[in-house]
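Structure file final.cif (mmCIF, C-alpha atoms) follows.
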```cif
data_structure
#
loop_
_atom_site.label_atom_id
_atom_site.label_comp_id
_atom_site.auth_asym_id
_atom_site.auth_seq_id
_atom_site.Cartn_x
_atom_site.Cartn_y
_atom_site.Cartn_z
CA MET A 1 211.55 5.58 15.57
CA PRO A 2 208.00 7.03 15.80
CA GLU A 3 204.91 4.90 16.44
CA LEU A 4 206.91 1.70 16.88
CA ILE A 5 204.01 -0.05 18.61
CA TRP A 6 200.74 0.15 16.71
CA PHE A 7 197.42 -1.16 17.91
CA GLU A 8 193.92 -0.48 16.58
CA TRP A 9 190.81 -2.23 17.77
CA GLU A 10 187.05 -2.25 17.36
CA LYS A 11 184.16 -2.16 19.77
CA CYS A 12 180.45 -1.48 19.84
CA PRO A 13 180.14 2.20 20.86
CA ASP A 14 176.73 1.48 22.37
CA GLY A 15 178.20 -0.98 24.86
CA TYR A 16 177.57 -4.61 25.75
CA THR A 17 175.37 -6.77 27.92
CA ILE A 18 176.06 -10.12 29.54
CA GLU A 19 173.57 -12.74 28.40
CA ILE A 20 172.95 -16.29 29.59
CA LEU A 21 172.79 -19.13 27.07
CA GLU A 22 169.60 -20.73 28.34
CA PRO A 23 168.99 -24.45 27.59
CA GLU A 24 165.72 -23.53 25.87
CA PHE A 25 167.69 -21.52 23.31
CA LEU A 26 169.26 -24.81 22.19
CA GLY A 27 166.09 -26.86 22.33
CA VAL A 28 167.07 -28.85 25.42
CA ARG A 29 165.56 -28.91 28.89
CA ASP A 30 168.61 -30.07 30.81
CA GLU A 31 171.59 -27.70 30.76
CA ARG A 32 173.88 -30.72 31.19
CA LYS A 33 172.95 -31.71 27.65
CA ILE A 34 174.23 -28.46 26.16
CA LEU A 35 177.09 -29.58 23.96
CA SER A 36 179.07 -28.10 21.11
CA GLY A 37 176.98 -30.19 18.72
CA SER A 38 173.78 -28.39 19.73
CA SER A 39 171.93 -26.01 17.45
CA ALA A 40 169.93 -22.84 18.07
CA SER A 41 166.19 -23.34 18.58
CA GLU A 42 163.48 -21.22 16.97
CA ARG A 43 162.98 -19.46 20.32
CA ALA A 44 166.61 -18.40 20.53
CA PRO A 45 167.40 -14.67 20.22
CA ALA A 46 169.45 -13.36 17.32
CA TRP A 47 172.74 -13.35 19.22
CA VAL A 48 172.49 -17.12 19.79
CA HIS A 49 171.92 -17.80 16.09
CA LYS A 50 174.93 -15.61 15.38
CA LEU A 51 177.09 -17.76 17.66
CA PHE A 52 176.26 -20.86 15.67
CA GLN A 53 177.44 -19.24 12.44
CA HIS A 54 181.00 -19.79 13.63
CA GLU A 55 182.66 -23.10 12.86
CA ASN A 56 184.74 -23.14 16.05
CA PHE A 57 181.86 -22.34 18.38
CA ASN A 58 182.21 -23.73 21.90
CA VAL A 59 179.32 -23.65 24.36
CA TYR A 60 179.68 -21.57 27.52
CA GLU A 61 177.12 -20.30 29.99
CA THR A 62 177.41 -16.54 29.51
CA TYR A 63 178.40 -14.23 26.66
CA PHE A 64 179.08 -10.60 25.88
CA VAL A 65 176.49 -9.33 23.41
CA ALA A 66 176.82 -5.99 21.65
CA LYS A 67 173.86 -3.66 22.11
CA SER A 68 173.89 -2.76 18.41
CA ASP A 69 175.61 -3.58 15.14
CA ARG A 70 177.52 -0.30 15.15
CA VAL A 71 181.31 -0.55 15.16
CA LEU A 72 183.84 2.03 16.33
CA ARG A 73 187.45 1.68 15.26
CA PHE A 74 189.86 3.29 17.71
CA ARG A 75 193.19 3.03 19.54
CA PRO A 76 192.17 1.87 23.02
CA LEU A 77 195.50 2.27 24.80
CA GLU A 78 196.04 5.91 23.87
CA GLY A 79 195.91 7.76 27.17
CA ALA A 80 195.49 4.46 29.05
CA ASP A 81 198.89 4.04 30.67
CA ALA A 82 198.10 0.82 32.52
CA ALA A 83 194.89 -0.72 31.21
CA PHE A 84 196.30 -4.10 32.25
CA MET A 85 195.81 -3.02 35.87
CA GLU A 86 192.15 -2.31 35.18
CA LEU A 87 191.82 -5.79 33.68
CA SER A 88 193.43 -7.34 36.77
CA GLU A 89 190.94 -5.61 39.06
CA CYS A 90 187.66 -5.82 37.16
CA TRP A 91 186.82 -9.51 37.07
CA GLU A 92 185.16 -9.83 40.48
CA SER A 93 181.87 -8.22 39.40
CA ASP A 94 179.84 -8.16 36.19
CA SER A 95 179.37 -4.39 36.40
CA ASN A 96 183.14 -3.83 36.51
CA ILE A 97 183.66 -6.30 33.67
CA LEU A 98 181.10 -4.49 31.51
CA GLN A 99 182.70 -1.15 32.29
CA PHE A 100 186.04 -2.50 31.11
CA VAL A 101 184.58 -4.02 27.93
CA ASP A 102 182.55 -0.89 27.17
CA ASN A 103 185.76 1.16 27.42
CA TYR A 104 188.23 -1.11 25.65
CA GLY A 105 186.23 -3.68 23.68
CA LEU A 106 186.36 -7.47 23.81
CA LEU A 107 189.69 -9.13 24.46
CA LEU A 108 189.96 -11.16 21.27
CA THR A 109 187.07 -10.72 18.86
CA PHE A 110 187.76 -8.33 16.01
CA PRO A 111 184.45 -7.95 14.11
CA SER A 112 186.12 -7.17 10.79
CA TYR A 113 187.92 -10.53 10.89
CA LYS A 114 184.93 -12.46 12.27
CA ARG A 115 187.05 -14.46 14.68
CA VAL A 116 185.72 -17.44 16.60
CA ALA A 117 182.60 -16.71 18.60
CA ASP A 118 183.78 -18.23 21.88
CA ASP A 119 185.91 -15.10 22.28
CA TRP A 120 182.66 -13.49 23.41
CA SER A 121 182.50 -15.84 26.38
CA VAL A 122 182.50 -14.25 29.83
CA ASP A 123 184.16 -17.43 31.12
CA GLU A 124 187.15 -16.84 28.86
CA PHE A 125 187.31 -13.23 29.96
CA HIS A 126 187.50 -14.43 33.58
CA GLU A 127 190.41 -16.72 32.70
CA VAL A 128 192.44 -13.96 31.07
CA ALA A 129 191.62 -11.41 33.78
CA GLY A 130 192.47 -13.94 36.48
CA SER A 131 195.81 -14.65 34.83
CA MET A 132 196.56 -10.94 34.72
CA THR A 133 195.67 -10.68 38.41
CA ASP A 134 198.15 -13.46 39.21
CA ALA A 135 200.78 -11.74 37.07
CA VAL A 136 200.34 -8.38 38.77
CA GLU A 137 200.50 -9.99 42.22
CA SER A 138 203.70 -11.80 41.20
CA TRP A 139 205.13 -8.52 39.95
CA GLN A 140 204.31 -6.73 43.21
CA GLU A 141 205.96 -9.53 45.19
CA ALA A 142 209.02 -9.45 42.92
CA LYS A 143 209.38 -5.71 43.47
CA ARG A 144 209.13 -6.25 47.22
CA THR A 145 211.75 -9.02 47.35
CA GLY A 146 213.92 -7.95 44.41
CA ASP A 147 213.71 -11.49 42.97
CA PHE A 148 212.26 -11.40 39.43
CA ASP A 149 213.36 -14.89 38.33
CA GLY A 150 209.93 -16.48 38.81
CA LEU A 151 208.17 -13.67 36.97
CA ILE A 152 210.66 -13.80 34.10
CA HIS A 153 210.28 -17.57 33.77
CA ALA A 154 206.48 -17.39 33.81
CA PHE A 155 206.39 -14.73 31.13
CA ASN A 156 209.04 -16.31 28.91
CA THR A 157 207.42 -19.75 28.92
CA SER A 158 204.64 -18.18 26.88
CA ASN A 159 201.54 -19.27 28.77
CA MET A 160 201.96 -16.75 31.62
CA PHE A 161 200.30 -18.09 34.77
CA GLU A 162 197.77 -20.10 32.75
CA ASP A 163 197.45 -23.86 33.18
CA PRO A 164 198.77 -25.99 30.28
CA ASP A 165 196.37 -27.83 27.99
CA PRO A 166 195.13 -30.80 30.10
CA GLU A 167 195.05 -33.07 27.02
CA THR A 168 198.57 -32.39 25.77
CA ASP A 169 200.22 -30.95 28.91
CA GLU A 170 201.74 -28.36 26.59
CA GLU A 171 202.12 -24.67 27.22
CA GLY A 172 199.62 -22.32 25.66
CA PRO A 173 200.15 -19.86 22.79
CA PRO A 174 202.47 -16.88 23.18
CA VAL A 175 201.35 -14.23 25.64
CA ALA A 176 201.37 -11.55 22.96
CA ALA A 177 200.43 -12.18 19.33
CA LEU A 178 202.33 -9.61 17.29
CA GLN A 179 204.12 -9.13 14.02
CA LEU A 180 206.42 -6.66 12.32
CA GLN A 181 204.80 -4.61 9.59
CA LEU A 182 205.62 -1.67 7.35
CA ARG A 183 202.80 0.87 7.50
CA ARG A 184 201.98 4.09 5.78
CA PRO A 185 202.69 7.05 8.06
CA THR A 186 199.85 9.14 9.43
CA GLY A 187 198.73 11.35 6.55
CA GLY A 188 199.74 8.77 3.96
CA THR A 189 202.92 10.45 2.71
CA GLY A 190 206.59 9.90 3.41
CA LEU A 191 208.67 6.80 4.06
CA PRO A 192 206.98 3.62 5.38
CA ILE A 193 207.06 3.16 9.15
CA LEU A 194 208.31 -0.03 10.80
CA SER A 195 205.79 -1.02 13.47
CA VAL A 196 205.22 -3.79 15.98
CA VAL A 197 201.54 -4.52 15.31
CA LEU A 198 199.45 -6.23 18.01
CA GLU A 199 196.76 -8.62 16.80
CA ASP A 200 194.26 -8.33 19.66
CA LEU A 201 193.52 -6.50 22.90
CA LYS A 202 194.71 -9.41 25.04
CA SER A 203 198.14 -9.22 23.40
CA ALA A 204 198.27 -5.45 23.78
CA LEU A 205 197.53 -5.68 27.50
CA TRP A 206 200.23 -8.31 28.07
CA LEU A 207 202.74 -6.18 26.18
CA GLN A 208 201.74 -3.20 28.29
CA PHE A 209 202.27 -5.30 31.42
CA ALA A 210 205.73 -6.38 30.23
CA GLN A 211 206.70 -2.78 29.50
CA ALA A 212 205.69 -1.78 33.03
CA VAL A 213 207.65 -4.66 34.57
CA SER A 214 210.80 -3.74 32.63
CA SER A 215 210.71 -0.05 33.52
CA SER A 216 210.83 2.04 36.66
CA THR A 217 207.46 3.59 35.88
CA GLN A 218 205.30 4.29 38.90
CA LEU A 219 201.58 3.64 38.71
CA ARG A 220 198.64 4.93 40.71
CA ARG A 221 194.89 4.35 40.52
CA CYS A 222 192.77 7.42 39.87
CA ALA A 223 190.91 8.61 42.97
CA VAL A 224 187.70 8.97 40.93
CA CYS A 225 187.59 6.24 38.24
CA PRO A 226 189.19 2.79 37.68
CA THR A 227 191.92 4.20 35.42
CA TRP A 228 195.55 3.67 36.40
CA PHE A 229 198.09 6.29 35.35
CA VAL A 230 201.84 6.85 35.40
CA TYR A 231 203.37 9.61 37.50
CA GLY A 232 206.77 10.97 38.35
CA THR A 233 209.71 12.34 36.39
CA GLY A 234 209.17 12.50 32.64
CA THR A 235 205.48 11.54 32.74
CA GLY A 236 203.92 14.99 32.93
CA ARG A 237 202.33 14.16 36.29
CA ARG A 238 203.71 15.09 39.67
CA LYS A 239 204.20 12.53 42.43
CA SER A 240 201.30 14.18 44.23
CA ALA A 241 198.87 13.59 41.33
CA HIS A 242 195.69 11.78 42.29
CA TYR A 243 193.61 12.00 39.10
CA CYS A 244 194.05 10.50 35.64
CA SER A 245 192.58 13.50 33.80
CA ASP A 246 191.20 17.00 34.16
CA ARG A 247 187.73 15.53 33.90
CA CYS A 248 188.24 13.41 37.01
CA ARG A 249 189.96 16.26 38.83
CA LYS A 250 186.98 18.53 38.13
CA ALA A 251 184.55 15.77 39.13
CA ALA A 252 186.35 15.39 42.46
CA HIS A 253 186.26 19.16 42.98
CA ARG A 254 182.51 19.26 42.29
CA ARG A 255 181.98 16.38 44.70
CA GLN A 256 183.96 18.12 47.43
CA LYS A 257 182.06 21.35 46.82
CA SER A 258 178.73 19.54 46.99
CA THR A 259 179.72 17.85 50.24
CA LYS A 260 180.67 21.17 51.84
CA THR A 261 177.39 22.74 50.67
CA SER A 262 175.32 19.91 52.15
CA ASP A 263 177.14 20.28 55.46
#
```
Write the structure described by the file as C-alpha cells, please.
Amino acid sequence: MPELIWFEWEKCPDGYTIEILEPEFLGVRDERKILSGSSASERAPAWVHKLFQHENFNVYETYFVAKSDRVLRFRPLEGADAAFMELSECWESDSNILQFVDNYGLLLTFPSYKRVADDWSVDEFHEVAGSMTDAVESWQEAKRTGDFDGLIHAFNTSNMFEDPDPETDEEGPPVAALQLQLRRPTGGTGLPILSVVLEDLKSALWLQFAQAVSSSTQLRRCAVCPTWFVYGTGTGRRKSAHYCSDRCRKAAHRRQKSTKTSD
C-alpha cells in the first residue's frame, strides 16, 4: 500500500524570528496588565496587529514571526528519519529552536487554514518540545529496563506527558490529529490511494515517535548537524555511519582537511 502516511506542511522559506510582545504594543505600561482583552496600539508592528485578527488569540510573551509573506509547501519529514529527536533536543536555546522551525515550520499553524494565532507562541513550542523530551527519556529508560508499560499508558491516554487541563482535570486532545482520506495518486491518474493524513507538524512528530518506539530501528545523531538518522540492516546506512547525508560527510572531510592544513 504505497504512500500510506501522507503529510504536507507550509513554512516561510525565508525563516523566522522570535519577537517579544512588548507592553507598549498593547498600549499598557505594566506587562501584568496584558490580557487577552487587550488590543494592538498604533505603535505596534504589523505582526502584532495580525495576531489580533484571530478570534482565539491568547497573549504570550514571545512569538515566532515569519520574515516574509512567502509560503513554501513541502513534505518536511521526507529524508528526516527522526525529526522528533531534533524537537526533543532543540528547546534549550532560541538559536536551536529557530533552526528547527526554519527547517520544519511551525508546529501547528498552517497559513492556508489561518489557524489560531497562539500557535505562533514560543511558550507553546516549549511545552510541546518539553513533552517530547520527557517522552524520549521515558523511551530510553524503557529500552534499558525492558518495561514499556508506563510509556504505553502515557501514549494511549492521549495527552502524552502533558499535564491535564487545570480547570477540568481532563486529559488533553489526542497526541496525533489524523484522518483517513482517499487521495489522487502522484501524477493524478490511476486508482485513488488510501492515506493516513496528518493535520499538523506536531501530530506528524508524535506519529514518528510512536513508529520508532514500536520498531527495532536504531537512531544516531549526525556528527555534523542536528539531524538524527536511522542505520543498520535495511536502512541503506551501515552501522558505522556517522553522517546523515553526503553533504555532511563532505563538510566533515573539508573540516578535517582544513585542520590538517593548519597544523
Give me the residues within 10 Å of Leu106 of chain A as JSON, numbers by chain, counting all atoms listed in the file and dropping any in the same chain fewer than 3 places off.
-> {"A": [9, 10, 11, 12, 16, 64, 66, 98, 100, 101, 102, 103, 109, 110, 111, 119, 120, 121, 122, 125, 200, 201, 202]}
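Using all atoms listed in the file, the shortest contact distance between Cys244 of chain A and any of A:Ala80, A:Val59, A:Ala176, A:Val65 is found at A:Ala80.
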Run the PyMOL selection byres ((chain A and resi 222) around 6) against the file shown and list the residues it catches, as an NGL selection string.
-> :A and (221 or 223-225 or 227-228 or 242-244)
Between A:Ile193, A:Arg238, A:Glu141, A:Cys248, which is the closest to Val213 of chain A once you count all atoms listed in the file?
->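 Closest to Val213 of chain A of all the choices is A:Glu141.
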Using only C-alpha atoms, the residue out of A:Leu191, A:Ala46, A:Leu151, A:Ala82 with shortest distance to Gln218 of chain A is A:Ala82
Of A:Leu87, A:Ala252, A:Ile152, A:Val230, the one nearest to Gln99 of chain A when counting all atoms listed in the file is A:Leu87
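Atom CA of Leu180 of chain A to atom CA of His126 of chain A spans 29.5 Å [interatomic distance, one decimal].
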